[in-house]
Every structure is written in C-alpha cells, then in structure tokens.
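Q: Data: data_20.pdb, PDB, C-alpha atoms.
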```
ATOM      1  CA  MET H   1      78.621 120.980 134.221
ATOM      2  CA  ARG H   2      77.458 117.336 134.138
ATOM      3  CA  GLN H   3      76.887 117.617 130.417
ATOM      4  CA  LEU H   4      80.433 118.859 129.925
ATOM      5  CA  ALA H   5      81.851 115.986 132.026
ATOM      6  CA  ALA H   6      79.764 113.468 130.054
ATOM      7  CA  LEU H   7      80.928 114.982 126.783
ATOM      8  CA  VAL H   8      84.586 114.770 127.871
ATOM      9  CA  LEU H   9      84.113 111.140 128.973
ATOM     10  CA  ILE H  10      82.459 110.200 125.666
ATOM     11  CA  SER H  11      85.263 111.937 123.801
ATOM     12  CA  ILE H  12      87.933 109.994 125.735
ATOM     13  CA  VAL H  13      86.173 106.668 125.136
ATOM     14  CA  ALA H  14      85.742 107.436 121.419
ATOM     15  CA  SER H  15      89.428 108.342 121.136
ATOM     16  CA  ALA H  16      90.473 105.102 122.797
ATOM     17  CA  CYS H  17      88.249 103.069 120.483
ATOM     18  CA  ALA H  18      89.589 104.869 117.410
ATOM     19  CA  SER H  19      93.168 104.180 118.515
ATOM     20  CA  GLN H  20      92.391 100.485 118.917
ATOM     21  CA  ALA H  21      90.784 100.333 115.468
ATOM     22  CA  ASP H  22      93.746 102.110 113.877
ATOM     23  CA  ALA H  23      96.165  99.582 115.426
ATOM     24  CA  SER H  24      94.444  96.615 113.792
ATOM     25  CA  GLY H  25      94.981  97.382 110.112
ATOM     26  CA  PRO H  26      97.578  98.950 107.858
ATOM     27  CA  PRO H  27      98.732 102.335 109.058
ATOM     28  CA  GLU H  28      97.992 105.471 107.136
ATOM     29  CA  ILE H  29     100.902 106.707 105.075
ATOM     30  CA  VAL H  30     101.008 110.376 104.189
ATOM     31  CA  TYR H  31     102.864 110.304 100.877
ATOM     32  CA  GLY H  32     105.449 113.003 100.522
ATOM     33  CA  ARG H  33     105.544 113.520 104.293
ATOM     34  CA  ASP H  34     106.134 110.190 106.090
ATOM     35  CA  LEU H  35     109.664 108.810 106.215
ATOM     36  CA  CYS H  36     110.792 105.253 105.567
ATOM     37  CA  VAL H  37     111.966 103.614 108.804
ATOM     38  CA  GLU H  38     114.788 101.793 106.985
ATOM     39  CA  CYS H  39     116.352 104.481 104.793
ATOM     40  CA  GLY H  40     114.911 107.733 106.145
ATOM     41  CA  MET H  41     113.708 108.926 102.744
ATOM     42  CA  LEU H  42     110.234 110.291 102.025
ATOM     43  CA  ILE H  43     107.666 107.694 101.048
ATOM     44  CA  THR H  44     106.267 108.991  97.781
ATOM     45  CA  GLU H  45     104.990 106.051  95.735
ATOM     46  CA  GLU H  46     101.989 104.103  96.947
ATOM     47  CA  ARG H  47     102.642 101.057  94.725
ATOM     48  CA  PHE H  48     105.944 100.328  96.454
ATOM     49  CA  ALA H  49     105.035 101.299 100.019
ATOM     50  CA  ALA H  50     104.834  98.651 102.718
ATOM     51  CA  ALA H  51     104.241  98.627 106.457
ATOM     52  CA  TYR H  52     103.987  96.485 109.524
ATOM     53  CA  ARG H  53     103.095  96.917 113.165
ATOM     54  CA  PHE H  54     105.368  95.857 115.990
ATOM     55  CA  GLU H  55     104.094  96.251 119.541
ATOM     56  CA  ASN H  56     101.370  98.578 118.206
ATOM     57  CA  GLU H  57     103.969 100.863 116.600
ATOM     58  CA  ALA H  58     103.632 101.407 112.856
ATOM     59  CA  ARG H  59     106.719 100.900 110.711
ATOM     60  CA  ARG H  60     106.393 102.471 107.243
ATOM     61  CA  PHE H  61     108.639 101.768 104.251
ATOM     62  CA  ASP H  62     109.149 103.119 100.740
ATOM     63  CA  ASP H  63     110.141  99.691  99.348
ATOM     64  CA  ILE H  64     109.094  96.114 100.155
ATOM     65  CA  GLY H  65     112.748  95.111 100.269
ATOM     66  CA  GLY H  66     113.417  97.782 102.882
ATOM     67  CA  MET H  67     110.632  96.347 105.008
ATOM     68  CA  LEU H  68     112.101  92.852 104.701
ATOM     69  CA  LEU H  69     115.595  94.073 105.531
ATOM     70  CA  HIS H  70     114.555  96.133 108.534
ATOM     71  CA  GLY H  71     112.088  93.560 109.824
ATOM     72  CA  THR H  72     114.531  90.661 109.674
ATOM     73  CA  GLU H  73     117.544  92.584 111.009
ATOM     74  CA  THR H  74     115.544  93.809 114.007
ATOM     75  CA  GLN H  75     113.731  90.458 114.314
ATOM     76  CA  GLU H  76     110.457  92.389 114.376
ATOM     77  CA  LEU H  77     109.046  90.766 111.273
ATOM     78  CA  PRO H  78     108.758  86.995 111.462
ATOM     79  CA  ALA H  79     107.937  84.956 108.373
ATOM     80  CA  ALA H  80     104.306  84.655 109.492
ATOM     81  CA  ALA H  81     103.693  88.366 110.022
ATOM     82  CA  GLY H  82      99.958  88.860 110.271
ATOM     83  CA  ASP H  83     100.484  92.562 110.844
ATOM     84  CA  ALA H  84     102.375  93.372 107.637
ATOM     85  CA  TRP H  85     100.939  94.927 104.487
ATOM     86  CA  VAL H  86     101.965  95.732 100.954
ATOM     87  CA  HIS H  87     100.192  97.435  98.067
ATOM     88  CA  ASP H  88      98.803  95.599  95.062
ATOM     89  CA  TRP H  89     100.725  96.729  91.972
ATOM     90  CA  GLU H  90      97.572  96.984  89.896
ATOM     91  CA  SER H  91      94.928  98.456  92.218
ATOM     92  CA  ARG H  92      97.269 100.034  94.796
ATOM     93  CA  ALA H  93      95.010  98.641  97.535
ATOM     94  CA  TRP H  94      96.545  97.401 100.780
ATOM     95  CA  LEU H  95      97.008  93.618 100.964
ATOM     96  CA  SER H  96      98.025  91.392 103.800
ATOM     97  CA  ALA H  97     101.704  90.607 103.148
ATOM     98  CA  GLU H  98     101.025  86.918 103.791
ATOM     99  CA  ASP H  99      98.327  86.788 101.096
ATOM    100  CA  ALA H 100     100.192  88.658  98.367
ATOM    101  CA  TRP H 101     102.233  87.248  95.475
ATOM    102  CA  TYR H 102     105.583  88.911  94.841
ATOM    103  CA  VAL H 103     107.551  89.435  91.664
ATOM    104  CA  ILE H 104     111.275  90.067  91.659
ATOM    105  CA  ALA H 105     112.802  91.005  88.336
ATOM    106  CA  GLU H 106     116.106  92.458  87.207
ATOM    107  CA  GLY H 107     115.583  95.933  85.871
ATOM    108  CA  LEU H 108     112.395  96.487  87.886
ATOM    109  CA  VAL H 109     112.957  99.944  89.347
ATOM    110  CA  THR H 110     111.697 100.420  92.906
ATOM    111  CA  PRO H 111     112.545 103.275  95.295
ATOM    112  CA  MET H 112     115.478 101.496  96.982
ATOM    113  CA  GLY H 113     116.348  99.162  94.127
ATOM    114  CA  TYR H 114     115.164  95.849  95.581
ATOM    115  CA  GLY H 115     112.999  95.205  92.514
ATOM    116  CA  ILE H 116     110.005  93.691  94.327
ATOM    117  CA  VAL H 117     106.335  94.372  93.598
ATOM    118  CA  ALA H 118     103.252  92.718  95.080
ATOM    119  CA  PHE H 119     100.041  91.402  93.549
ATOM    120  CA  ALA H 120      96.733  90.247  94.984
ATOM    121  CA  ASP H 121      96.303  87.690  92.196
ATOM    122  CA  ARG H 122      98.727  84.864  91.355
ATOM    123  CA  ALA H 123      97.894  84.903  87.647
ATOM    124  CA  ALA H 124      98.604  88.639  87.442
ATOM    125  CA  ALA H 125     101.906  88.164  89.294
ATOM    126  CA  ASP H 126     102.927  85.297  87.000
ATOM    127  CA  ALA H 127     102.051  87.297  83.870
ATOM    128  CA  TYR H 128     104.031  90.300  85.122
ATOM    129  CA  ALA H 129     106.992  88.048  85.994
ATOM    130  CA  THR H 130     106.906  86.401  82.567
ATOM    131  CA  ASP H 131     106.868  89.790  80.806
ATOM    132  CA  ARG H 132     109.943  90.900  82.760
ATOM    133  CA  SER H 133     111.884  87.627  83.020
ATOM    134  CA  GLY H 134     111.222  87.643  86.768
ATOM    135  CA  THR H 135     110.182  85.149  89.396
ATOM    136  CA  THR H 136     107.013  84.908  91.465
ATOM    137  CA  TYR H 137     107.318  84.284  95.224
ATOM    138  CA  THR H 138     105.043  83.795  98.202
ATOM    139  CA  TRP H 139     105.571  85.759 101.414
ATOM    140  CA  ASN H 140     107.344  82.824 103.088
ATOM    141  CA  GLU H 141     109.581  82.304 100.072
ATOM    142  CA  LEU H 142     110.852  85.876 100.391
ATOM    143  CA  PHE H 143     112.372  84.830 103.711
ATOM    144  CA  GLY H 144     114.456  82.256 101.837
ATOM    145  CA  LEU H 145     116.216  85.153 100.161
ATOM    146  CA  THR H 146     119.195  87.048 101.485
ATOM    147  CA  ILE H 147     119.528  90.796 101.181
ATOM    148  CA  GLU H 148     123.034  91.649 100.100
ATOM    149  CA  GLU H 149     124.344  94.955  98.805
ATOM    150  CA  GLY H 150     120.871  96.416  98.327
ATOM    151  CA  ARG H 151     119.396  93.502  96.411
ATOM    152  CA  LEU H 152     117.735  90.209  97.171
ATOM    153  CA  ILE H 153     119.717  87.102  96.406
ATOM    154  CA  HIS H 154     118.292  83.604  96.484
ATOM    155  CA  ASP H 155     120.350  81.303  98.701
ATOM    156  CA  HIS H 156     121.012  79.117  95.677
ATOM    157  CA  ASP H 157     122.048  81.877  93.235
ATOM    158  CA  THR H 158     125.449  80.258  92.908
ATOM    159  CA  ASP H 159     123.761  77.133  91.548
ATOM    160  CA  HIS H 160     123.035  78.022  87.939
ATOM    161  CA  GLY H 161     121.251  74.790  87.133
ATOM    162  CA  ASP H 162     124.302  72.958  85.830
ATOM    163  CA  ASP H 163     126.925  70.763  87.431
ATOM    164  CA  SER H 164     129.679  73.379  87.454
ATOM    165  CA  PRO H 165     131.349  74.069  90.816
TER
END
```
What is this file in structure tokens?

A:
Amino acid sequence: MRQLAALVLISIVASACASQADASGPPEIVYGRDLCVECGMLITEERFAAAYRFENEARRFDDIGGMLLHGTETQELPAAAGDAWVHDWESRAWLSAEDAWYVIAEGLVTPMGYGIVAFADRAAADAYATDRSGTTYTWNELFGLTIEEGRLIHDHDTDHGDDSP
C-alpha cells in the first residue's frame, strides 16, 4: 500500500513539473485539429502559425496578423511580449516573436490574408522582402501598424513620399 501511495505522489509531482515546463515555451499546436483563437478556423500550416501565453493560457493562431489583432484588441499582447512565438519561414522552427524579423508584402498569401511571414535571420528576411517588393519589420515595428479590413496598414500609408496632401 505504501508503494502505491508513493507511486501516486511521484506521479502527481511529475505531472505538476511537466505542466510548469509546458507553460514556459511555445505551446504545442496539433495541425488540422487546433482552432485559431481569433478566427476559429483550423490551424493547418506550420509556417504561418503563431502563439502566445497569457496568464498561463495558450493562445494559438493560424496567421501572425491574427495574433497581432487579437493580442492588441484584448490588450493581452504588449509590444514586449516575451511569451509570444512565431515560426521561421525557412526552417519552420519556433522563434521568440521579439527576436524574429518580419516581412510584409502585397500578394503574399497567408491563411487570413495579413501577408506576414517571420524569419530568424535578418539577411534572409531582407532577401525575401526584396524578391517580393515587401518590407522588413522588427517585432516592435509591427505595433506601429494598424490592422484595418483584414490587412496591416502603416500609420503613414497616406504619406506616399511626396508633398501631395
């Protein structure tokens, strides 16, 4: 009987430790089964998936833009979100959202149409942006953008670089 009680106690402690470990990194996403918190659609493409944790609850998204929209509207995702992750476009590995480089390009098709992909390497992001007439951003720069009608718009989009009103 003592052995059984010890085994149960060890099992409880191991479960608690595993839960703590799981809450410290990017959450697991089961592609084709987990739903995007923002739009409710199935998350199917690893390259575009993003996630963050708020009060130890995982929030999973099928598009980086959806994560930005949801996180800013709910005020759960501040600009310095140490608990947010995106996937590297090239390797598909999880990256800290703060450390990634982002490319936004017209015509870049993402699940919800925000047209944002992430890179671990600045040179790779810049090369991808150049190939697609896009722009490279840091995590903090993304928060200088406004999401309007399903797309990201820079606050200065009305300024086209000339002196016209």

Q: Could you tell me how far CA of Met112 (chain H) sits from CA of Ala51 (chain H), in Å to one decimal place?

A: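 So the answer is 15.0 Å.
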
Q: Measure the distance from CA of Leu35 (chain H) to CA of Tyr137 (chain H) in Å and round it to one decimal.

A: 27.0 Å

Q: Give me the residues near Ala125 (chain H) as a ChimeraX atom specification, where near means some atom within 7 Å (using all atoms listed in the file) and where sequence neighbours in that chain fewer than 2 positions away do not count.

A: /H:101-103,119,121-123,127-129,136

Q: Return the single residue from H:Thr135, H:Asn140, H:Ser91, H:Gln75 that is closest to Ala120 (chain H), with distances computed using all atoms listed in the file.

A: H:Ser91

Q: Report, in Å with one decimal, the straight-line distance from CA of Ile116 (chain H) to CA of Thr74 (chain H).

A: 20.4 Å

Q: With distances taken over only C-alpha atoms, which of H:Tyr114, H:Tyr31, H:Phe54, H:Trp85 is nearest to Gly66 (chain H)?

A: H:Tyr114

Q: Decode the PyMOL selection byres ((chain H and resi 57) around 12) for the given file into explicit residues and return them as a list in words.

A: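 Expected selection for the PyMOL selection byres ((chain H and resi 57) around 12) here is Ser19, Gln20, Asp22, Ala23, Ser24, Gly25, Pro26, Pro27, Val37, Ala51, Tyr52, Arg53, Phe54, Glu55, Asn56, Ala58, Arg59, Arg60, Glu76, Asp83 and Ala84 of chain H.
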
Q: Mind listing whatever residues come within 12 Å of the point (116.7, 106.2, 105.8)? Use all atoms listed in the file, file coordinates, and give them as a PyMOL selection string.

A: chain H and resi 34-43+60-63+66-67+70+111-112

Q: Write out as an mmCIF file with C-alpha atoms, in the frame of the given file which residues come within 8 Å of Asp88 (chain H) when counting all atoms listed in the file, dropping same-chain ones fewer than 3 positions away.

A:
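Output file out13.cif follows:
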```cif
data_model
loop_
_atom_site.group_PDB
_atom_site.id
_atom_site.type_symbol
_atom_site.label_atom_id
_atom_site.label_comp_id
_atom_site.auth_asym_id
_atom_site.auth_seq_id
_atom_site.Cartn_x
_atom_site.Cartn_y
_atom_site.Cartn_z
ATOM 1 C CA ARG H 47 102.642 101.057 94.725
ATOM 2 C CA SER H 91 94.928 98.456 92.218
ATOM 3 C CA ARG H 92 97.269 100.034 94.796
ATOM 4 C CA ALA H 93 95.010 98.641 97.535
ATOM 5 C CA TRP H 94 96.545 97.401 100.780
ATOM 6 C CA LEU H 95 97.008 93.618 100.964
ATOM 7 C CA ALA H 100 100.192 88.658 98.367
ATOM 8 C CA VAL H 117 106.335 94.372 93.598
ATOM 9 C CA ALA H 118 103.252 92.718 95.080
ATOM 10 C CA PHE H 119 100.041 91.402 93.549
ATOM 11 C CA ALA H 120 96.733 90.247 94.984
#
```

Q: Measuring between only C-alpha atoms, which one of H:Glu45, H:Glu141, H:Glu73, H:Asp131 shows the shortest distance to Gly107 (chain H)?

A: H:Asp131

Q: Any chance you could work out the axis-aligned box around region 136-145 of chain H, listed atoms only, 3 Å on each side, giving centre and edge lengths in Å to one decimal, as JSON?

A:
```
{"center_x": 110.6, "center_y": 84.1, "center_z": 97.6, "size_x": 17.2, "size_y": 9.6, "size_z": 18.2}
```
